[in-house]
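Asks: Please find protein_28.txt (compact mmCIF, C-alpha atoms) on the next line:
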```
# COMPACT_ATOMS: atom_id res chain seq x y z
CA MET R 3 70.94 106.25 79.84
CA SER R 4 74.15 106.37 81.89
CA ASP R 5 76.67 109.17 81.47
CA ALA R 6 80.05 108.54 79.75
CA ARG R 7 81.73 110.28 82.70
CA ALA R 8 80.00 107.82 85.01
CA ALA R 9 81.63 104.97 83.08
CA VAL R 10 85.04 106.60 83.61
CA TYR R 11 84.39 107.12 87.34
CA ALA R 12 83.17 103.54 87.65
CA LYS R 13 86.31 102.23 85.95
CA GLU R 14 88.60 104.39 88.11
CA LEU R 15 86.75 103.36 91.28
CA GLU R 16 86.97 99.71 90.22
CA ARG R 17 90.74 100.03 89.61
CA CYS R 18 91.18 101.76 92.93
CA ILE R 19 89.25 99.11 94.83
CA SER R 20 91.13 96.31 93.04
CA ALA R 21 94.46 97.86 94.03
CA THR R 22 93.33 98.13 97.65
CA ILE R 23 92.17 94.50 97.63
CA ARG R 24 95.53 93.32 96.19
CA LEU R 25 97.38 95.24 98.88
CA ALA R 26 95.12 94.04 101.70
CA GLU R 27 95.52 90.43 100.58
CA SER R 28 99.31 90.82 100.80
CA ILE R 29 99.51 92.29 104.32
CA ASP R 30 101.07 89.91 106.83
CA ALA R 31 98.87 89.03 109.82
CA ASP R 32 101.42 90.44 112.29
CA LYS R 33 101.17 93.92 110.69
CA ARG R 34 97.41 94.29 110.45
CA TYR R 35 96.85 95.92 113.87
CA VAL R 36 100.19 97.68 114.45
CA GLN R 37 100.04 101.42 115.14
CA THR R 38 102.94 103.84 114.70
CA ARG R 39 101.65 105.73 117.74
CA LEU R 40 98.82 105.31 120.20
CA GLY R 41 95.52 106.27 118.57
CA LYS R 42 96.85 106.20 115.01
CA ALA R 43 95.39 104.08 112.22
CA HIS R 44 96.58 100.56 111.41
CA PRO R 45 95.83 98.52 108.26
CA ALA R 46 92.74 96.84 109.75
CA TRP R 47 91.25 100.16 110.79
CA LEU R 48 92.05 101.67 107.40
CA LEU R 49 90.40 98.78 105.53
CA GLY R 50 87.28 99.03 107.69
CA HIS R 51 87.26 102.80 107.32
CA LEU R 52 87.44 102.48 103.52
CA ALA R 53 84.52 100.01 103.51
CA SER R 54 82.48 102.24 105.80
CA SER R 55 83.26 105.40 103.80
CA LEU R 56 82.40 103.78 100.46
CA ASP R 57 79.15 102.45 101.88
CA ASN R 58 78.18 105.78 103.38
CA ASN R 59 79.50 108.44 101.01
CA VAL R 60 79.05 106.61 97.71
CA GLY R 61 76.43 103.95 98.43
CA LEU R 62 74.08 105.99 100.60
CA TRP R 63 74.79 109.62 99.74
CA ALA R 64 75.75 109.56 96.04
CA LEU R 65 73.69 106.56 94.93
CA ASN R 66 70.87 106.75 97.49
CA GLY R 67 71.20 102.99 97.86
CA ASP R 68 70.95 100.54 100.73
CA ARG R 69 73.44 100.14 103.56
CA HIS R 70 75.72 97.11 103.20
CA LEU R 71 78.03 97.73 106.15
CA PRO R 72 77.19 95.26 108.93
CA LYS R 73 75.42 96.68 111.96
CA GLY R 74 77.86 97.94 114.57
CA TRP R 75 80.72 98.57 112.13
CA GLY R 76 80.23 102.33 111.84
CA ARG R 77 81.80 103.70 115.03
CA PRO R 78 84.87 101.45 115.12
CA PHE R 79 85.91 102.77 111.69
CA ALA R 80 84.75 106.39 111.87
CA PRO R 81 87.38 109.09 112.37
CA ASP R 82 87.38 110.86 115.72
CA PHE R 83 85.87 114.05 114.23
CA ALA R 84 82.87 111.95 113.16
CA GLY R 85 82.38 110.36 116.58
CA GLY R 86 84.46 107.25 115.98
CA ASN R 87 85.81 105.00 118.70
CA PRO R 88 89.47 105.42 119.69
CA ILE R 89 91.73 103.30 117.47
CA THR R 90 93.55 100.54 119.36
CA GLU R 91 95.89 97.66 118.52
CA ASN R 92 93.47 95.23 120.19
CA ALA R 93 92.35 92.96 117.34
CA ASP R 94 89.39 91.78 119.46
CA GLU R 95 87.81 95.23 119.06
CA TYR R 96 87.55 94.78 115.28
CA PRO R 97 85.98 92.28 112.90
CA ALA R 98 88.28 89.53 111.61
CA TRP R 99 90.56 90.54 108.73
CA GLY R 100 88.83 88.14 106.33
CA ASP R 101 85.45 89.65 107.21
CA LEU R 102 86.79 93.19 106.69
CA LEU R 103 88.11 92.23 103.27
CA ALA R 104 84.90 90.45 102.25
CA VAL R 105 82.75 93.44 103.24
CA TYR R 106 85.06 95.88 101.45
CA LYS R 107 84.84 93.75 98.28
CA LYS R 108 81.03 93.53 98.50
CA ILE R 109 80.55 97.26 99.11
CA GLY R 110 83.08 98.14 96.43
CA ALA R 111 81.30 96.00 93.84
CA LYS R 112 77.91 97.52 94.73
CA CYS R 113 79.33 101.04 94.46
CA VAL R 114 81.00 100.39 91.09
CA GLU R 115 77.75 98.91 89.75
CA GLY R 116 75.76 101.92 90.97
CA VAL R 117 78.23 104.49 89.66
CA ARG R 118 78.24 102.84 86.24
CA ALA R 119 74.47 103.39 86.01
CA LEU R 120 74.45 107.11 86.92
CA THR R 121 72.81 109.48 84.46
CA THR R 122 74.12 112.92 83.51
CA GLU R 123 71.50 114.54 85.73
CA GLU R 124 72.44 112.36 88.70
CA LEU R 125 76.17 112.87 88.21
CA ASP R 126 75.79 116.65 87.97
CA GLY R 127 73.17 116.78 90.71
CA GLU R 128 73.21 117.11 94.45
CA LEU R 129 73.89 114.05 96.58
CA ARG R 130 70.66 112.10 96.80
CA GLY R 131 70.99 110.47 100.19
CA ASN R 132 70.47 111.95 103.63
CA VAL R 133 73.72 113.94 103.98
CA PRO R 134 74.27 115.75 107.29
CA ASP R 135 74.58 119.50 106.75
CA GLN R 136 78.19 119.67 108.03
CA TYR R 137 79.32 117.36 105.19
CA LYS R 138 77.46 118.95 102.27
CA SER R 139 80.11 121.60 101.64
CA ILE R 140 82.92 119.03 101.90
CA PHE R 141 81.58 116.61 99.32
CA GLY R 142 79.71 118.82 96.83
CA ASN R 143 77.67 117.18 94.09
CA THR R 144 77.72 113.52 93.08
CA GLU R 145 80.62 113.86 90.63
CA GLU R 146 82.73 115.76 93.16
CA THR R 147 81.97 113.13 95.79
CA LEU R 148 83.08 110.31 93.49
CA SER R 149 86.32 112.13 92.74
CA THR R 150 86.93 112.72 96.46
CA MET R 151 86.22 109.10 97.35
CA ILE R 152 88.62 107.76 94.71
CA ARG R 153 91.37 110.00 96.14
CA HIS R 154 90.32 108.98 99.68
CA ASP R 155 90.76 105.28 98.89
CA SER R 156 94.12 105.91 97.22
CA HIS R 157 95.35 108.01 100.15
CA HIS R 158 94.48 105.39 102.74
CA ARG R 159 95.83 102.57 100.54
CA GLY R 160 99.16 104.40 100.58
CA GLN R 161 99.01 104.57 104.36
CA MET R 162 98.27 100.84 104.56
CA ALA R 163 101.20 100.09 102.28
CA MET R 164 103.61 102.14 104.38
CA LEU R 165 102.37 100.68 107.66
CA ALA R 166 102.65 97.14 106.30
CA GLY R 167 106.12 97.77 104.83
CA LYS R 168 104.81 97.32 101.29
CA GLY R 169 105.95 100.64 99.89
CA GLY R 170 108.52 103.37 100.14
CA PRO R 171 112.29 103.30 100.53
CA GLY R 172 113.72 99.98 101.62
CA ALA R 173 110.47 98.07 101.16
```
Take the structure in the file and write it out as structure tokens.
Replies:
Amino acid sequence: MSDARAAVYAKELERCISATIRLAESIDADKRYVQTRLGKAHPAWLLGHLASSLDNNVGLWALNGDRHLPKGWGRPFAPDFAGGNPITENADEYPAWGDLLAVYKKIGAKCVEGVRALTTEELDGELRGNVPDQYKSIFGNTEETLSTMIRHDSHHRGQMAMLAGKGGPGA
């Protein structure tokens, strides 16, 4: 039987993903690949990074599920400390915006479904997927990882909003 806390995490993750989708759908095409400085994230990178992170940290590590991120999408959206490619404004180096959004939606739905089904033992337990040693202390157990990933999505959604002129003073 699933854990009541898992239902709360699933609902919060679902709300978080829905808010990110609403924001992403509102970002003008001319702002999707604009960087504030060379090498800094832009909305397209952030959306791909969120899809990749959900797939990896929730889908694979917390849920021990299958990978849903398309082949070849890992490095373009990984941060530099994790061996990611340099971030550029060149849209040709990234999947199309519509594809990014569709993959984020698909991965988000799979993660919410999986989180909703977690048992107390799974929620309290160690991450079940193949987590590299250097990340084990960062993410903790399954519940701590879910909490971190909800904050992670919210943090990067805020960055996307600011970069796209959708939030903050004068927006």
Asks: Looking at all atoms listed in the file, which of R:Pro78, R:Gly61, R:Gly127, R:Gly41 is the one that sits closest to R:Glu145?
Replies: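 Of R:Pro78, R:Gly61, R:Gly127, R:Gly41, the one nearest R:Glu145 is R:Gly127, counting all atoms listed in the file.
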Asks: Using Å and a single decimal, report how far atom CA of R:Leu49 sits from atom CA of R:Tyr35.
Replies: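 It comes out at 10.9 Å.
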Asks: With distances taken over all atoms listed in the file, which of R:Gly167, R:Gly142, R:Gly131, R:Gly160 is nearest to R:Asn66?
Replies: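 Checking each candidate against R:Asn66, we get R:Gly131 as the closest.
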Asks: Please list as a PyMOL selection string every residue within 9 Å of stretch 97-102 of chain R, counting all atoms listed in the file and excluding residues in the same chain fewer than 4 positions away.
Replies: chain R and resi 31+34+46+49-50+53+75+93+106-107
Asks: Out of R:Ala21, R:Leu48, R:Ala8, R:Ala80, which residue has the shortest atom-to-atom distance to R:Glu146 when counting all atoms listed in the file?
Replies: R:Ala8
Asks: Could you jot down the atom CA of R:Cys113 to atom CA of R:Ser139 separation for me, Å, one decimal place?
Replies: 21.8 Å
Asks: Report, in Å to a single decimal, how far apart atom CA of R:Asp126 and atom CA of R:Ala6 are.
Replies: 12.3 Å
Asks: I want to know what sits within 12 Å of R:Ala12, based on all atoms listed in the file, with residues of the same chain fewer than 2 positions away left out; could you give that as JSON, numbers by chain?
Replies: {"R": [4, 5, 6, 7, 8, 9, 10, 14, 15, 16, 17, 18, 19, 60, 110, 111, 112, 113, 114, 115, 116, 117, 118, 119, 120, 125, 145, 148, 149, 151, 152]}
Asks: Identify which of the residues R:Asn87, R:Thr121, R:Gln161, R:Gln136 lies closest to R:Gln37, counting all atoms listed in the file when measuring atom-to-atom distances.
Replies: R:Gln161
Asks: Which of these, R:His44, R:His51, R:Arg153, R:Lys138, has the shortest distance to R:Arg77 once you count only C-alpha atoms?
Replies: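 Looking at the shortest contact to R:Arg77, the residue is R:His51.
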Asks: Which one of R:Val105, R:Val133, R:Leu65, R:Leu56 sits closest to R:Thr150 if you count only C-alpha atoms?
Replies: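 The shortest atom-to-atom distance to R:Thr150 comes from R:Leu56.
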Asks: Need the axis-aligned box for stretch 118-126 of chain R with 8 Å each side, so what are the centre and edges in Å to one decimal, as JSON?
Replies:
```
{"center_x": 74.9, "center_y": 109.7, "center_z": 86.1, "size_x": 22.7, "size_y": 29.8, "size_z": 21.2}
```
Asks: Around the point (99.8, 98.8, 107.4) (coordinates from the file), which residues reach within 6 Å if we count all atoms listed in the file? Answer as number ranges by chain.
Replies: R: 34, 44-45, 162-166
Asks: Would you mind exporting C-alpha atoms of the selected residues as a short mmCIF file (atom, residue, chain, number, x, y, z; two decimals), in the coordinates of the input?
Replies:
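This went into again-v7.cif:
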```
data_model
loop_
_atom_site.label_atom_id
_atom_site.label_comp_id
_atom_site.auth_asym_id
_atom_site.auth_seq_id
_atom_site.Cartn_x
_atom_site.Cartn_y
_atom_site.Cartn_z
CA ARG R 34 97.41 94.29 110.45
CA HIS R 44 96.58 100.56 111.41
CA PRO R 45 95.83 98.52 108.26
CA MET R 162 98.27 100.84 104.56
CA ALA R 163 101.20 100.09 102.28
CA MET R 164 103.61 102.14 104.38
CA LEU R 165 102.37 100.68 107.66
CA ALA R 166 102.65 97.14 106.30
#
```
Asks: Since the input has fewer atoms than a full residue there, write stretch 67-95 of chain R out with N, CA and C atoms, as a short mmCIF file (atom, residue, chain, number, x, y, z; two decimals), in the coordinates of the input.
Replies:
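part08.cif, freshly written:
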```cif
data_model
loop_
_atom_site.label_atom_id
_atom_site.label_comp_id
_atom_site.auth_asym_id
_atom_site.auth_seq_id
_atom_site.Cartn_x
_atom_site.Cartn_y
_atom_site.Cartn_z
N GLY R 67 71.45 104.43 97.80
CA GLY R 67 71.20 102.99 97.86
C GLY R 67 70.99 102.49 99.27
N ASP R 68 71.12 101.20 99.43
CA ASP R 68 70.95 100.54 100.73
C ASP R 68 72.29 100.43 101.44
N ARG R 69 72.24 100.34 102.77
CA ARG R 69 73.44 100.14 103.56
C ARG R 69 73.86 98.67 103.46
N HIS R 70 75.17 98.46 103.26
CA HIS R 70 75.72 97.11 103.20
C HIS R 70 76.73 96.85 104.30
N LEU R 71 77.10 97.89 105.03
CA LEU R 71 78.03 97.73 106.15
C LEU R 71 77.28 97.02 107.28
N PRO R 72 77.88 95.97 107.84
CA PRO R 72 77.19 95.26 108.93
C PRO R 72 76.90 96.19 110.12
N LYS R 73 75.82 95.91 110.78
CA LYS R 73 75.42 96.68 111.96
C LYS R 73 76.56 96.67 112.99
N GLY R 74 76.83 97.81 113.55
CA GLY R 74 77.86 97.94 114.57
C GLY R 74 79.26 98.23 114.03
N TRP R 75 79.40 98.31 112.71
CA TRP R 75 80.72 98.57 112.13
C TRP R 75 81.00 100.05 111.91
N GLY R 76 80.03 100.91 112.12
CA GLY R 76 80.23 102.33 111.84
C GLY R 76 81.22 103.01 112.77
N ARG R 77 80.95 103.00 114.06
CA ARG R 77 81.80 103.70 115.03
C ARG R 77 83.24 103.19 115.10
N PRO R 78 83.47 101.90 115.05
CA PRO R 78 84.87 101.45 115.12
C PRO R 78 85.74 101.96 113.97
N PHE R 79 85.13 102.36 112.85
CA PHE R 79 85.91 102.77 111.69
C PHE R 79 85.68 104.24 111.29
N ALA R 80 84.97 104.97 112.14
CA ALA R 80 84.75 106.39 111.87
C ALA R 80 85.93 107.17 112.47
N PRO R 81 86.34 108.25 111.79
CA PRO R 81 87.38 109.09 112.37
C PRO R 81 86.87 109.79 113.63
N ASP R 82 87.79 110.24 114.45
CA ASP R 82 87.38 110.86 115.72
C ASP R 82 86.47 112.06 115.51
N PHE R 83 86.71 112.87 114.45
CA PHE R 83 85.87 114.05 114.23
C PHE R 83 84.44 113.68 113.87
N ALA R 84 84.21 112.43 113.50
CA ALA R 84 82.87 111.95 113.16
C ALA R 84 82.30 111.06 114.26
N GLY R 85 82.89 111.12 115.45
CA GLY R 85 82.38 110.36 116.58
C GLY R 85 82.84 108.92 116.65
N GLY R 86 83.95 108.61 115.97
CA GLY R 86 84.46 107.25 115.98
C GLY R 86 85.08 106.85 117.31
N ASN R 87 85.15 105.55 117.51
CA ASN R 87 85.81 105.00 118.70
C ASN R 87 87.32 105.24 118.61
N PRO R 88 88.00 105.32 119.75
CA PRO R 88 89.47 105.42 119.69
C PRO R 88 90.06 104.18 119.00
N ILE R 89 91.08 104.40 118.19
CA ILE R 89 91.73 103.30 117.47
C ILE R 89 92.71 102.62 118.42
N THR R 90 92.64 101.31 118.50
CA THR R 90 93.55 100.54 119.36
C THR R 90 94.20 99.42 118.56
N GLU R 91 95.24 98.82 119.14
CA GLU R 91 95.89 97.66 118.52
C GLU R 91 95.21 96.35 118.91
N ASN R 92 94.16 96.42 119.71
CA ASN R 92 93.47 95.23 120.19
C ASN R 92 92.60 94.65 119.07
N ALA R 93 93.06 93.58 118.47
CA ALA R 93 92.35 92.96 117.34
C ALA R 93 90.94 92.52 117.72
N ASP R 94 90.72 92.23 119.01
CA ASP R 94 89.39 91.78 119.46
C ASP R 94 88.33 92.89 119.34
N GLU R 95 88.76 94.12 119.18
CA GLU R 95 87.81 95.23 119.06
C GLU R 95 87.36 95.47 117.61
#
```
